[in-house]
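Novice: One file is attached below, query_13.cif, containing mmCIF, C-alpha atoms.
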data_final
loop_
_atom_site.label_atom_id
_atom_site.label_comp_id
_atom_site.auth_asym_id
_atom_site.auth_seq_id
_atom_site.Cartn_x
_atom_site.Cartn_y
_atom_site.Cartn_z
CA MET A 17 11.87 -15.95 8.16
CA LYS A 18 9.43 -17.08 10.83
CA GLN A 19 5.91 -17.03 9.41
CA LYS A 20 3.10 -15.55 11.48
CA ILE A 21 -0.52 -16.56 11.79
CA ILE A 22 -3.13 -13.84 12.08
CA LYS A 23 -6.39 -14.34 13.92
CA VAL A 24 -9.52 -12.63 12.60
CA GLY A 25 -12.73 -12.44 14.62
CA SER A 26 -13.58 -12.09 18.28
CA GLY A 27 -16.40 -12.74 20.74
CA LYS A 28 -19.20 -14.84 19.34
CA ILE A 29 -17.81 -14.55 15.82
CA LYS A 30 -16.13 -17.60 14.38
CA LYS A 31 -12.39 -17.05 14.54
CA VAL A 32 -10.50 -17.44 11.31
CA LEU A 33 -6.78 -18.21 11.34
CA ILE A 34 -4.74 -17.17 8.31
CA GLY A 35 -1.22 -18.40 7.61
CA LYS A 36 1.16 -21.33 7.80
CA GLN A 37 -0.56 -24.73 7.76
CA ASN A 38 -4.06 -23.35 8.31
CA PRO A 39 -6.73 -24.02 5.67
CA LEU A 40 -7.10 -21.65 2.74
CA VAL A 41 -9.39 -18.76 3.71
CA PHE A 42 -11.91 -17.13 1.39
CA ILE A 43 -12.50 -13.40 1.70
CA GLY A 44 -15.37 -12.13 -0.40
CA GLY A 45 -18.67 -10.48 -1.00
CA PRO A 46 -20.10 -7.81 -3.25
CA CYS A 47 -17.68 -4.95 -3.96
CA ALA A 48 -20.06 -2.36 -2.55
CA ILE A 49 -22.91 -2.68 -0.08
CA GLU A 50 -25.96 -2.17 -2.27
CA SER A 51 -28.71 -2.66 0.30
CA LYS A 52 -29.33 -4.60 3.49
CA ASP A 53 -31.37 -7.25 1.66
CA HIS A 54 -28.69 -7.71 -0.98
CA ALA A 55 -25.89 -7.91 1.60
CA PHE A 56 -27.76 -10.62 3.54
CA TYR A 57 -28.68 -12.45 0.35
CA MET A 58 -25.05 -12.56 -0.77
CA ALA A 59 -23.81 -13.58 2.69
CA LYS A 60 -26.26 -16.49 2.71
CA LYS A 61 -25.11 -17.64 -0.72
CA ILE A 62 -21.42 -17.48 0.23
CA GLU A 63 -22.05 -19.16 3.57
CA LYS A 64 -23.74 -22.08 1.82
CA ILE A 65 -20.79 -22.57 -0.53
CA CYS A 66 -18.11 -22.20 2.14
CA LYS A 67 -19.97 -24.49 4.53
CA SER A 68 -20.22 -27.20 1.89
CA LEU A 69 -16.48 -26.88 1.23
CA LYS A 70 -15.63 -26.53 4.93
CA MET A 71 -13.71 -23.41 4.03
CA PRO A 72 -13.24 -20.60 6.55
CA TRP A 73 -14.46 -17.29 5.19
CA ILE A 74 -14.67 -13.58 5.87
CA TYR A 75 -17.41 -11.37 4.47
CA LYS A 76 -16.22 -8.32 2.53
CA SER A 77 -18.15 -5.32 1.31
CA CYS A 78 -17.55 -1.56 1.28
CA TYR A 79 -19.68 1.39 2.34
CA ASP A 80 -17.65 4.03 0.49
CA LYS A 81 -16.11 3.57 -2.95
CA ASP A 82 -13.83 6.57 -2.87
CA CYS A 83 -11.61 5.57 -5.79
CA ARG A 84 -14.26 5.67 -8.53
CA SER A 85 -13.06 7.26 -11.78
CA SER A 86 -16.29 9.17 -12.22
CA LEU A 87 -18.33 11.27 -9.82
CA SER A 88 -21.44 9.82 -11.40
CA SER A 89 -20.48 6.25 -10.46
CA PHE A 90 -22.06 4.69 -7.36
CA HIS A 91 -20.11 5.92 -4.37
CA GLY A 92 -21.63 3.70 -1.69
CA VAL A 93 -24.33 3.78 0.96
CA GLY A 94 -22.17 5.77 3.40
CA ILE A 95 -20.49 4.89 6.65
CA ASP A 96 -23.46 4.95 9.03
CA GLU A 97 -25.84 2.82 7.00
CA GLY A 98 -23.00 0.66 5.68
CA LEU A 99 -21.58 -0.27 9.06
CA LYS A 100 -25.08 -0.99 10.38
CA ILE A 101 -25.63 -3.46 7.53
CA LEU A 102 -22.20 -5.05 8.03
CA GLU A 103 -22.86 -5.42 11.75
CA GLY A 104 -26.14 -7.10 10.87
CA VAL A 105 -24.38 -9.60 8.59
CA ARG A 106 -21.77 -10.23 11.29
CA ASN A 107 -24.38 -10.99 13.94
CA GLU A 108 -26.70 -12.98 11.70
CA PHE A 109 -24.05 -15.24 10.18
CA GLY A 110 -21.42 -15.20 12.93
CA VAL A 111 -18.83 -14.44 10.30
CA PRO A 112 -15.91 -12.00 10.55
CA ILE A 113 -16.26 -8.84 8.49
CA VAL A 114 -13.74 -6.86 6.47
CA SER A 115 -14.25 -3.41 4.98
CA ASP A 116 -11.98 -0.55 3.98
CA PHE A 117 -11.82 3.17 4.69
CA SER A 118 -10.33 6.03 2.70
CA ASP A 119 -10.29 8.80 5.31
CA PRO A 120 -8.35 8.39 8.56
CA SER A 121 -11.28 9.83 10.50
CA ASP A 122 -13.42 6.83 9.44
CA ALA A 123 -11.02 4.22 10.79
CA ASP A 124 -12.21 4.18 14.38
CA LEU A 125 -15.87 3.55 13.56
CA THR A 126 -14.95 1.00 10.88
CA GLY A 127 -12.70 -0.82 13.34
CA LYS A 128 -15.48 -1.01 15.89
CA VAL A 129 -17.59 -3.15 13.53
CA CYS A 130 -15.03 -4.92 11.35
CA ASP A 131 -12.84 -7.81 12.45
CA LEU A 132 -10.31 -7.13 9.72
CA ILE A 133 -9.63 -3.61 8.53
CA GLN A 134 -8.67 -3.07 4.91
CA VAL A 135 -6.25 -0.51 3.53
CA PRO A 136 -7.11 0.23 -0.13
CA ALA A 137 -4.36 -0.47 -2.66
CA TYR A 138 -4.16 3.15 -3.84
CA LEU A 139 -3.56 4.26 -0.23
CA CYS A 140 -1.18 1.49 0.80
CA ARG A 141 1.70 3.81 1.61
CA GLN A 142 -0.24 6.72 3.13
CA THR A 143 1.12 7.14 6.64
CA SER A 144 -2.08 8.71 8.00
CA ILE A 145 -4.16 5.77 6.70
CA LEU A 146 -1.70 3.17 8.00
CA ARG A 147 -1.57 4.87 11.39
CA ALA A 148 -5.37 5.05 11.61
CA ALA A 149 -5.73 1.38 10.61
CA SER A 150 -3.11 0.34 13.17
CA LEU A 151 -4.79 2.25 15.97
CA THR A 152 -8.01 0.23 15.55
CA LYS A 153 -5.92 -2.68 16.92
CA LYS A 154 -7.68 -4.95 14.42
CA PRO A 155 -5.70 -7.13 12.00
CA ILE A 156 -4.95 -5.19 8.83
CA HIS A 157 -5.65 -6.32 5.29
CA LEU A 158 -2.98 -4.40 3.39
CA LYS A 159 -3.34 -4.43 -0.39
CA LYS A 160 -0.30 -3.92 -2.54
CA GLY A 161 -0.72 -0.82 -4.67
CA GLN A 162 -0.78 -1.52 -8.39
CA PHE A 163 2.14 0.92 -8.63
CA MET A 164 4.20 -0.72 -5.89
CA SER A 165 6.93 -3.30 -6.18
CA PRO A 166 6.40 -6.27 -3.86
CA TRP A 167 9.65 -5.60 -2.01
CA ASN A 168 8.65 -2.00 -1.28
CA MET A 169 5.58 -3.24 0.60
CA LYS A 170 7.98 -3.92 3.44
CA ASN A 171 8.09 -0.16 4.00
CA SER A 172 4.34 -0.04 4.64
CA VAL A 173 4.61 -3.12 6.86
CA ARG A 174 7.35 -1.41 8.88
CA LYS A 175 5.17 1.67 9.31
CA ILE A 176 2.33 -0.46 10.67
CA GLU A 177 4.72 -2.24 13.02
CA GLU A 178 6.00 1.13 14.25
CA PHE A 179 2.38 1.92 15.11
CA LYS A 180 2.37 -1.27 17.25
CA ASN A 181 0.20 -3.45 15.06
CA HIS A 182 1.69 -6.83 14.17
CA ASN A 183 -1.25 -8.53 12.49
CA ILE A 184 -1.08 -7.98 8.76
CA LEU A 185 -2.35 -9.80 5.70
CA LEU A 186 -0.62 -8.74 2.47
CA THR A 187 -2.58 -8.99 -0.75
CA ASP A 188 -1.59 -8.78 -4.39
CA ARG A 189 -4.23 -7.32 -6.70
CA GLY A 190 -2.11 -6.96 -9.84
CA THR A 191 0.56 -4.55 -10.96
CA PHE A 192 0.30 -1.84 -13.60
CA PHE A 193 1.68 -2.93 -16.94
CA GLY A 194 1.60 0.29 -18.93
CA TYR A 195 -1.68 2.19 -19.03
CA ASN A 196 -5.07 0.57 -18.31
CA MET A 197 -3.55 -2.86 -17.85
CA LEU A 198 -2.59 -5.06 -14.91
CA VAL A 199 -0.52 -8.21 -14.77
CA ASN A 200 0.15 -10.67 -11.97
CA ASP A 201 3.71 -11.35 -11.00
CA MET A 202 3.55 -14.65 -9.17
CA ARG A 203 6.87 -13.92 -7.46
CA ASN A 204 5.06 -11.28 -5.42
CA PHE A 205 3.68 -13.81 -2.96
CA SER A 206 7.09 -15.21 -2.02
CA ILE A 207 8.59 -11.73 -1.86
CA MET A 208 5.83 -10.30 0.33
CA ALA A 209 5.88 -13.43 2.52
CA GLU A 210 9.49 -12.54 3.37
CA THR A 211 7.97 -9.95 5.73
CA GLY A 212 6.81 -12.93 7.82
CA TYR A 213 3.12 -12.18 7.31
CA PRO A 214 0.56 -14.31 5.45
CA VAL A 215 -0.27 -13.45 1.85
CA CYS A 216 -3.48 -13.35 -0.15
CA PHE A 217 -4.45 -13.18 -3.83
CA ASP A 218 -7.18 -10.81 -4.97
CA ALA A 219 -8.33 -12.51 -8.15
CA THR A 220 -11.16 -10.24 -9.23
CA HIS A 221 -9.22 -6.98 -9.05
CA SER A 222 -6.22 -8.61 -10.71
CA ILE A 223 -8.13 -9.11 -13.93
CA GLN A 224 -9.28 -5.50 -13.95
CA LEU A 225 -8.37 -3.22 -16.86
CA PRO A 226 -8.20 0.01 -14.89
CA THR A 227 -10.30 2.84 -16.33
CA SER A 228 -10.09 1.15 -19.71
CA MET A 229 -13.64 2.15 -20.61
CA GLY A 230 -13.40 5.92 -20.49
CA ASN A 231 -14.43 6.60 -16.95
CA ILE A 232 -14.96 3.09 -15.62
CA SER A 233 -12.78 -0.01 -15.46
CA GLY A 234 -13.10 -3.06 -17.65
CA GLY A 235 -11.99 -6.58 -16.85
CA GLN A 236 -11.27 -10.04 -18.20
CA ARG A 237 -13.02 -12.47 -15.88
CA GLU A 238 -12.08 -15.45 -18.01
CA PHE A 239 -8.64 -15.42 -16.39
CA ILE A 240 -9.88 -15.70 -12.80
CA PRO A 241 -9.82 -19.52 -12.52
CA SER A 242 -6.33 -20.01 -13.94
CA LEU A 243 -4.86 -17.14 -11.93
CA VAL A 244 -6.43 -18.53 -8.76
CA ARG A 245 -4.84 -21.92 -9.41
CA ALA A 246 -1.47 -20.30 -10.06
CA ALA A 247 -1.62 -18.15 -6.91
CA VAL A 248 -2.63 -21.06 -4.68
CA SER A 249 0.21 -23.14 -6.10
CA CYS A 250 2.54 -20.28 -5.25
CA GLY A 251 1.58 -20.54 -1.60
CA VAL A 252 -1.09 -17.94 -0.77
CA ASN A 253 -2.84 -18.32 2.56
CA ALA A 254 -6.09 -16.64 1.52
CA LEU A 255 -8.10 -15.87 -1.60
CA PHE A 256 -10.01 -12.65 -2.15
CA MET A 257 -12.79 -12.42 -4.72
CA GLU A 258 -15.67 -10.05 -5.11
CA VAL A 259 -18.84 -11.90 -6.04
CA HIS A 260 -22.28 -10.89 -7.18
CA ASN A 261 -25.50 -12.64 -8.18
CA ASP A 262 -26.00 -10.29 -11.15
CA PRO A 263 -22.63 -8.86 -12.24
CA LYS A 264 -24.06 -6.91 -15.18
CA ASN A 265 -26.16 -4.86 -12.81
CA ALA A 266 -23.68 -4.69 -9.93
CA LEU A 267 -23.41 -1.13 -8.62
CA SER A 268 -19.62 -1.35 -8.39
CA ASP A 269 -16.97 -3.19 -10.40
CA ALA A 270 -19.56 -4.68 -12.75
CA ASN A 271 -16.84 -5.70 -15.20
CA THR A 272 -14.69 -7.62 -12.75
CA VAL A 273 -16.93 -9.03 -10.06
CA LEU A 274 -17.34 -12.79 -10.32
CA ASP A 275 -20.76 -14.30 -10.89
CA ILE A 276 -21.38 -16.28 -7.74
CA LYS A 277 -22.51 -19.25 -9.81
CA TYR A 278 -18.81 -19.91 -10.53
CA LEU A 279 -17.59 -19.50 -6.97
CA LYS A 280 -17.94 -23.09 -5.79
CA LEU A 281 -16.14 -24.46 -8.83
CA ILE A 282 -13.21 -22.09 -8.34
CA LEU A 283 -12.97 -22.51 -4.57
CA SER A 284 -13.16 -26.30 -4.85
CA GLN A 285 -10.09 -26.37 -7.06
CA ALA A 286 -8.33 -23.81 -4.91
CA LYS A 287 -8.94 -25.86 -1.79
CA GLU A 288 -7.65 -29.07 -3.36
CA LEU A 289 -4.55 -27.34 -4.67
CA HIS A 290 -3.89 -25.74 -1.30
CA ILE A 291 -4.08 -29.09 0.46
CA LYS A 292 -1.82 -30.64 -2.16
CA ARG A 293 0.71 -27.83 -1.81
CA LEU A 294 0.87 -28.33 1.96
CA GLU A 295 1.30 -32.07 1.37
CA LEU A 296 4.19 -31.42 -1.01
CA GLN A 297 5.75 -29.06 1.50
CA ARG A 298 5.57 -31.74 4.19
CA LYS A 299 6.95 -34.36 1.83
CA TYR A 300 9.75 -32.38 0.17
CA GLY A 301 10.35 -29.53 2.64
CA GLU A 302 10.39 -25.78 2.13
CA ASP A 303 11.70 -24.34 -1.13
CA ASN A 304 15.41 -23.88 -0.58
CA VAL A 305 16.92 -23.08 -3.94
CA HIS A 306 20.06 -21.10 -3.30
CA LYS A 307 19.69 -17.33 -3.49
CA GLN A 308 22.60 -15.39 -4.95
CA MET B 288 60.85 5.73 11.24
CA SER B 289 60.87 3.42 14.24
CA ILE B 290 57.89 2.46 16.36
CA ASN B 291 58.56 2.05 20.04
CA ASN B 292 57.24 -0.86 22.03
CA ASN B 293 55.18 1.25 24.38
CA PHE B 294 53.26 2.62 21.45
CA LEU B 295 52.48 -0.88 20.22
CA LYS B 296 51.50 -2.11 23.68
CA GLN B 297 48.80 0.48 24.24
CA LYS B 298 45.28 -0.79 24.50
CA ILE B 299 42.90 -0.49 21.61
CA LYS B 300 40.20 1.13 23.74
CA ASN B 301 42.24 4.35 23.69
CA LEU B 302 42.24 4.44 19.90
CA VAL B 303 38.73 3.29 19.03
CA LEU B 304 36.42 5.37 16.85
CA ASP B 305 33.21 5.26 18.84
CA GLN B 306 29.74 4.70 17.38
CA SER B 307 29.25 8.40 16.67
CA GLU B 308 32.25 8.25 14.34
CA SER B 309 31.59 4.96 12.57
CA ALA B 310 28.92 3.32 10.43
CA VAL B 311 26.75 1.33 12.85
CA VAL B 312 23.26 0.21 11.84
CA GLU B 313 20.51 -1.95 13.28
CA GLU B 314 19.55 -5.29 11.75
CA LYS B 315 16.46 -3.90 10.03
CA THR B 316 18.16 -0.84 8.58
CA ILE B 317 17.83 -1.15 4.82
CA LEU B 318 20.93 -1.57 2.67
CA LYS B 319 20.48 1.87 1.07
CA GLU B 320 20.69 3.62 4.44
CA THR B 321 23.62 1.41 5.44
CA LEU B 322 25.55 2.51 2.35
CA GLU B 323 24.72 6.14 3.06
CA LYS B 324 26.28 5.80 6.51
CA MET B 325 29.42 4.21 5.09
CA ILE B 326 29.68 7.06 2.59
CA PHE B 327 29.08 9.69 5.28
CA PHE B 328 31.85 8.34 7.53
CA LYS B 329 34.12 7.49 4.59
CA ILE B 330 34.64 4.02 6.04
CA GLY B 331 34.54 0.77 4.08
CA MET B 332 32.78 -1.21 6.77
CA ALA B 333 29.41 -0.99 8.49
CA CYS B 334 28.70 -2.84 11.75
CA VAL B 335 25.27 -4.40 12.09
CA VAL B 336 24.06 -4.64 15.70
CA ASN B 337 20.95 -5.97 17.39
CA LYS B 338 18.81 -4.01 19.83
CA ASN B 339 21.20 -4.91 22.67
CA ASN B 340 24.16 -3.50 20.78
CA ILE B 341 25.59 -6.97 20.18
CA LEU B 342 27.45 -7.20 16.89
CA VAL B 343 25.53 -9.37 14.42
CA GLY B 344 27.85 -8.93 11.45
CA VAL B 345 29.63 -6.50 9.16
CA ILE B 346 29.18 -5.29 5.61
CA THR B 347 32.37 -4.27 3.86
CA ASP B 348 33.31 -2.65 0.56
CA GLY B 349 34.61 -6.07 -0.47
CA ASP B 350 31.23 -7.68 0.21
CA LEU B 351 29.61 -5.00 -1.92
CA ARG B 352 32.08 -5.54 -4.78
CA ARG B 353 31.26 -9.25 -4.75
CA LYS B 354 27.57 -8.37 -4.62
CA LEU B 355 28.03 -6.29 -7.80
CA LEU B 356 28.98 -9.44 -9.64
CA THR B 357 26.56 -11.89 -8.07
CA ASN B 358 23.37 -9.94 -7.42
CA GLN B 359 20.53 -10.98 -9.74
CA LYS B 360 17.57 -9.15 -8.27
CA PRO B 361 16.61 -5.60 -9.31
CA TRP B 362 18.81 -2.99 -7.61
CA SER B 363 15.74 -1.32 -6.18
CA ALA B 364 14.93 -4.58 -4.38
CA LEU B 365 18.48 -5.07 -3.17
CA LEU B 366 18.65 -1.54 -1.75
CA ASN B 367 15.42 -2.20 0.16
CA ASP B 368 16.76 -5.40 1.76
CA ASP B 369 17.62 -5.41 5.45
CA ALA B 370 21.30 -4.99 6.30
CA VAL B 371 21.19 -8.19 8.33
CA ASP B 372 20.38 -10.19 5.20
CA HIS B 373 23.64 -9.12 3.58
CA CYS B 374 26.11 -8.89 6.45
CA LYS B 375 28.94 -11.28 7.07
CA LYS B 376 28.12 -13.12 10.30
CA LYS B 377 30.82 -13.90 12.88
CA PRO B 378 33.31 -11.33 11.56
CA ILE B 379 36.85 -10.92 12.87
CA THR B 380 36.77 -8.64 15.90
CA ILE B 381 39.14 -7.23 18.48
CA ARG B 382 38.59 -6.66 22.21
CA GLU B 383 38.98 -3.30 23.90
CA ASN B 384 41.87 -4.53 26.05
CA ASP B 385 43.81 -6.04 23.18
CA SER B 386 46.97 -4.26 22.16
CA LEU B 387 47.63 -2.16 19.10
CA LYS B 388 50.27 -4.71 18.09
CA LYS B 389 47.71 -7.49 18.03
CA THR B 390 45.41 -5.31 15.96
CA ILE B 391 48.12 -4.51 13.43
CA ASP B 392 49.01 -8.19 13.22
CA ILE B 393 45.39 -8.98 12.34
CA PHE B 394 45.32 -6.17 9.79
CA ARG B 395 48.40 -7.65 8.10
CA LYS B 396 47.47 -11.32 8.27
CA LYS B 397 43.82 -10.89 7.26
CA LYS B 398 44.42 -8.02 4.83
CA VAL B 399 41.77 -5.81 6.40
CA TRP B 400 41.92 -2.22 7.60
CA ASP B 401 38.85 -1.95 9.79
CA LEU B 402 37.89 -4.07 12.77
CA PRO B 403 34.88 -3.90 15.10
CA VAL B 404 35.95 -3.38 18.73
CA LEU B 405 33.99 -5.19 21.43
CA ASP B 406 33.90 -4.53 25.16
CA LYS B 407 34.23 -7.19 27.85
CA LYS B 408 30.56 -8.16 27.49
CA GLY B 409 30.80 -8.54 23.73
CA LYS B 410 28.96 -5.29 22.99
CA LEU B 411 30.13 -3.08 20.18
CA LEU B 412 32.21 -0.11 21.29
CA GLY B 413 33.13 1.16 17.83
CA ILE B 414 35.73 0.36 15.24
CA ILE B 415 39.46 0.57 14.83
CA HIS B 416 40.55 1.90 11.48
CA LEU B 417 44.00 1.71 9.86
CA GLN B 418 43.84 5.35 8.77
CA ASN B 419 43.20 6.35 12.33
CA ILE B 420 46.25 4.40 13.58
CA LEU B 421 48.46 5.94 10.90
CA ASN B 422 47.39 9.41 11.93
CA ILE B 423 48.32 8.72 15.55
CA MET B 424 51.66 7.24 14.53
CA MET B 425 52.53 10.29 12.46
CA LYS B 426 51.56 12.61 15.31
CA ASN B 427 53.80 10.72 17.75
CA ASN B 428 56.75 10.99 15.42
#
Show the structure stored in the file as structure tokens.

Specialist:
Amino acid sequence: MKQKIIKVGSGKIKKVLIGKQNPLVFIGGPCAIESKDHAFYMAKKIEKICKSLKMPWIYKSCYDKDCRSSLSSFHGVGIDEGLKILEGVRNEFGVPIVSDFSDPSDADLTGKVCDLIQVPAYLCRQTSILRAASLTKKPIHLKKGQFMSPWNMKNSVRKIEEFKNHNILLTDRGTFFGYNMLVNDMRNFSIMAETGYPVCFDATHSIQLPTSMGNISGGQREFIPSLVRAAVSCGVNALFMEVHNDPKNALSDANTVLDIKYLKLILSQAKELHIKRLELQRKYGEDNVHKQ
Amino acid sequence: MSINNNFLKQKIKNLVLDQSESAVVEEKTILKETLEKMIFFKIGMACVVNKNNILVGVITDGDLRRKLLTNQKPWSALLNDDAVDHCKKKPITIRENDSLKKTIDIFRKKKVWDLPVLDKKGKLLGIIHLQNILNIMMKNN
């Protein structure tokens, strides 16, 4: 299968290439936009780390957290204020932006600001969402639903292609293992890569324990570093992690978001492993163990 | 029962089951839908074509029997695979202007009872099926 490279960013924004021999890309930011000051503060912190590692990056944050378990949980700052803040980050840092949408009518506005448009995992097979994302003509960050098999993601990919969009990044964020529990199947990356599109690992949502704490989700952050190393060794083209300067008080995903103080350590290892993997690929060739 | 020479000399194009009567799928049709077509037409062979109607390969009942014994991935994954990933490339074919005798010879020698029929440009016209030939023979006698 011929592997594709997707290009994220346009105009004055630094273009990020994802796939094949390109450097490992980091996609991250706070789960939800909390305020303009916080968004800029986090962007500055991430920029500093990624610059020092010479790692291409994309800023991620959401204006609407529509999949909260509880109505009393923080839902987000809303589309108007949220997109204004994201546009501000984009212009200030010259970095591509990714954000998601949960209602097809929000896609157009979201696509006007974002360089990469995200389809939430729970909605990854909704035709109306996939159509709306495709029509923005922006590259699509398609997350594998926790309930989906990796091979069935091809169906969502085919829908997007039918809607004339051929720039897709497929991400694994864990798979349900009974109730309130996710596991990572490292075969998913190879299987999803068979679509020809680059693949990404979402480390912070993978360690989530969905709705394990009554009406909010728990998480086991201690597994993030080892899972990141495993995923990069398995050939991902990008890494997704939500980061925060004060996880305990984060307004969204407080139990899974990574304390930014650990980000450099994790990304440094990920980068080295990614380079090593490409070296091994050049030295020994592509994996070609016979398939039955 | 004797078969006269004129009957055997007739061209295959007069006997072909066209694409509306046979299991023909595109490369990216999934295996599940390919099997459904084979079941619908009650034919043990599906032809896989590209967008230009050029034959890419065939999937036969025999291939599927062998798959039953060799497949290791979950069935749900196998059924979601593209037909092109499981078809036999460069299959035996017959041309529209070939004779019925030549077709029957291939059936006998290769132990098959379906063959894709190609036109002069190599595009798929349809298939020739042993059952179909037998029916015509019985009618003529």

Novice: Specify as a list in words all residues of chain B found within 7 Å of chain A, counting all atoms listed in the file.

Specialist: Thr357, Asn358, Gln359, Ala364 and Asn367 of chain B

Novice: Keeping only C-alpha atoms, write the selected residues as an mmCIF file, keeping the file's coordinate frame.

Specialist:
data_model
loop_
_atom_site.group_PDB
_atom_site.id
_atom_site.type_symbol
_atom_site.label_atom_id
_atom_site.label_comp_id
_atom_site.auth_asym_id
_atom_site.auth_seq_id
_atom_site.Cartn_x
_atom_site.Cartn_y
_atom_site.Cartn_z
ATOM 1 C CA THR B 357 26.560 -11.890 -8.070
ATOM 2 C CA ASN B 358 23.370 -9.940 -7.420
ATOM 3 C CA GLN B 359 20.530 -10.980 -9.740
ATOM 4 C CA ALA B 364 14.930 -4.580 -4.380
ATOM 5 C CA ASN B 367 15.420 -2.200 0.160
#

Novice: Rounded to one decimal, what separation in Å do you get between CA of Met208 (chain A) and CA of Arg237 (chain A)?

Specialist: 25.0 Å

Novice: Could you write out as a list in words the residues that the PyMOL selection byres ((chain B and resi 297) around 9) matches in the shown file?

Specialist: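 Going through the file, the PyMOL selection byres ((chain B and resi 297) around 9) ends up selecting Asn292, Asn293, Phe294, Leu295, Lys296, Lys298, Ile299, Lys300, Asn301, Leu302, Asn384, Asp385, Ser386, Leu387 and Lys388 of chain B.
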
Novice: How many Å lie between CA of Gln236 (chain A) and CA of Ser172 (chain A), rounded to one decimal?

Specialist: 29.4 Å

Novice: Can you pull out every residue within 7 Å of Ile341 (chain B), counting only C-alpha atoms, but drop anything in the same chain fewer than 6 positions away, and send it as a ChimeraX atom specification?

Specialist: /B:409-411

Novice: Go through the shown structure with the PyMOL selection byres ((chain A and resi 86-97) around 10) and write out the matching residues as an NGL selection string.

Specialist: :A and (47-52 or 78-85 or 98-103 or 117 or 122 or 125-126 or 227 or 230-232 or 266-269)

Novice: Quick one: which residues end up in the PyMOL selection byres ((chain B and resi 305) around 12) for this structure, as a list in words?

Specialist: Ile299, Lys300, Asn301, Leu302, Val303, Leu304, Gln306, Ser307, Glu308, Ser309, Ala310, Val311, Phe328, Cys334, Glu383, Pro403, Val404, Leu405, Asp406, Leu411, Leu412, Gly413, Ile414, Ile415, His416 and Asn419 of chain B

Novice: Can you work out the spacing between CA of Ile381 (chain B) and CA of Leu342 (chain B) in Å, to one decimal?

Specialist: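 Distance between the two atoms: 11.8 Å.
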
Novice: Env of Leu322 (chain B): 10 Å cut, atoms = all atoms listed in the file, seq-sep filter 3 positions within chain, self excluded. Answer as a ChimeraX atom specification.

Specialist: /B:310,317-319,325-327,330-333,346-348,351,366,370

Novice: With distances taken over all atoms listed in the file, which of A:Phe205, A:Phe109, A:Tyr195, A:Phe256 is nearest to Ser222 (chain A)?

Specialist: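 Among the listed residues, A:Phe256 lies closest to Ser222 (chain A).
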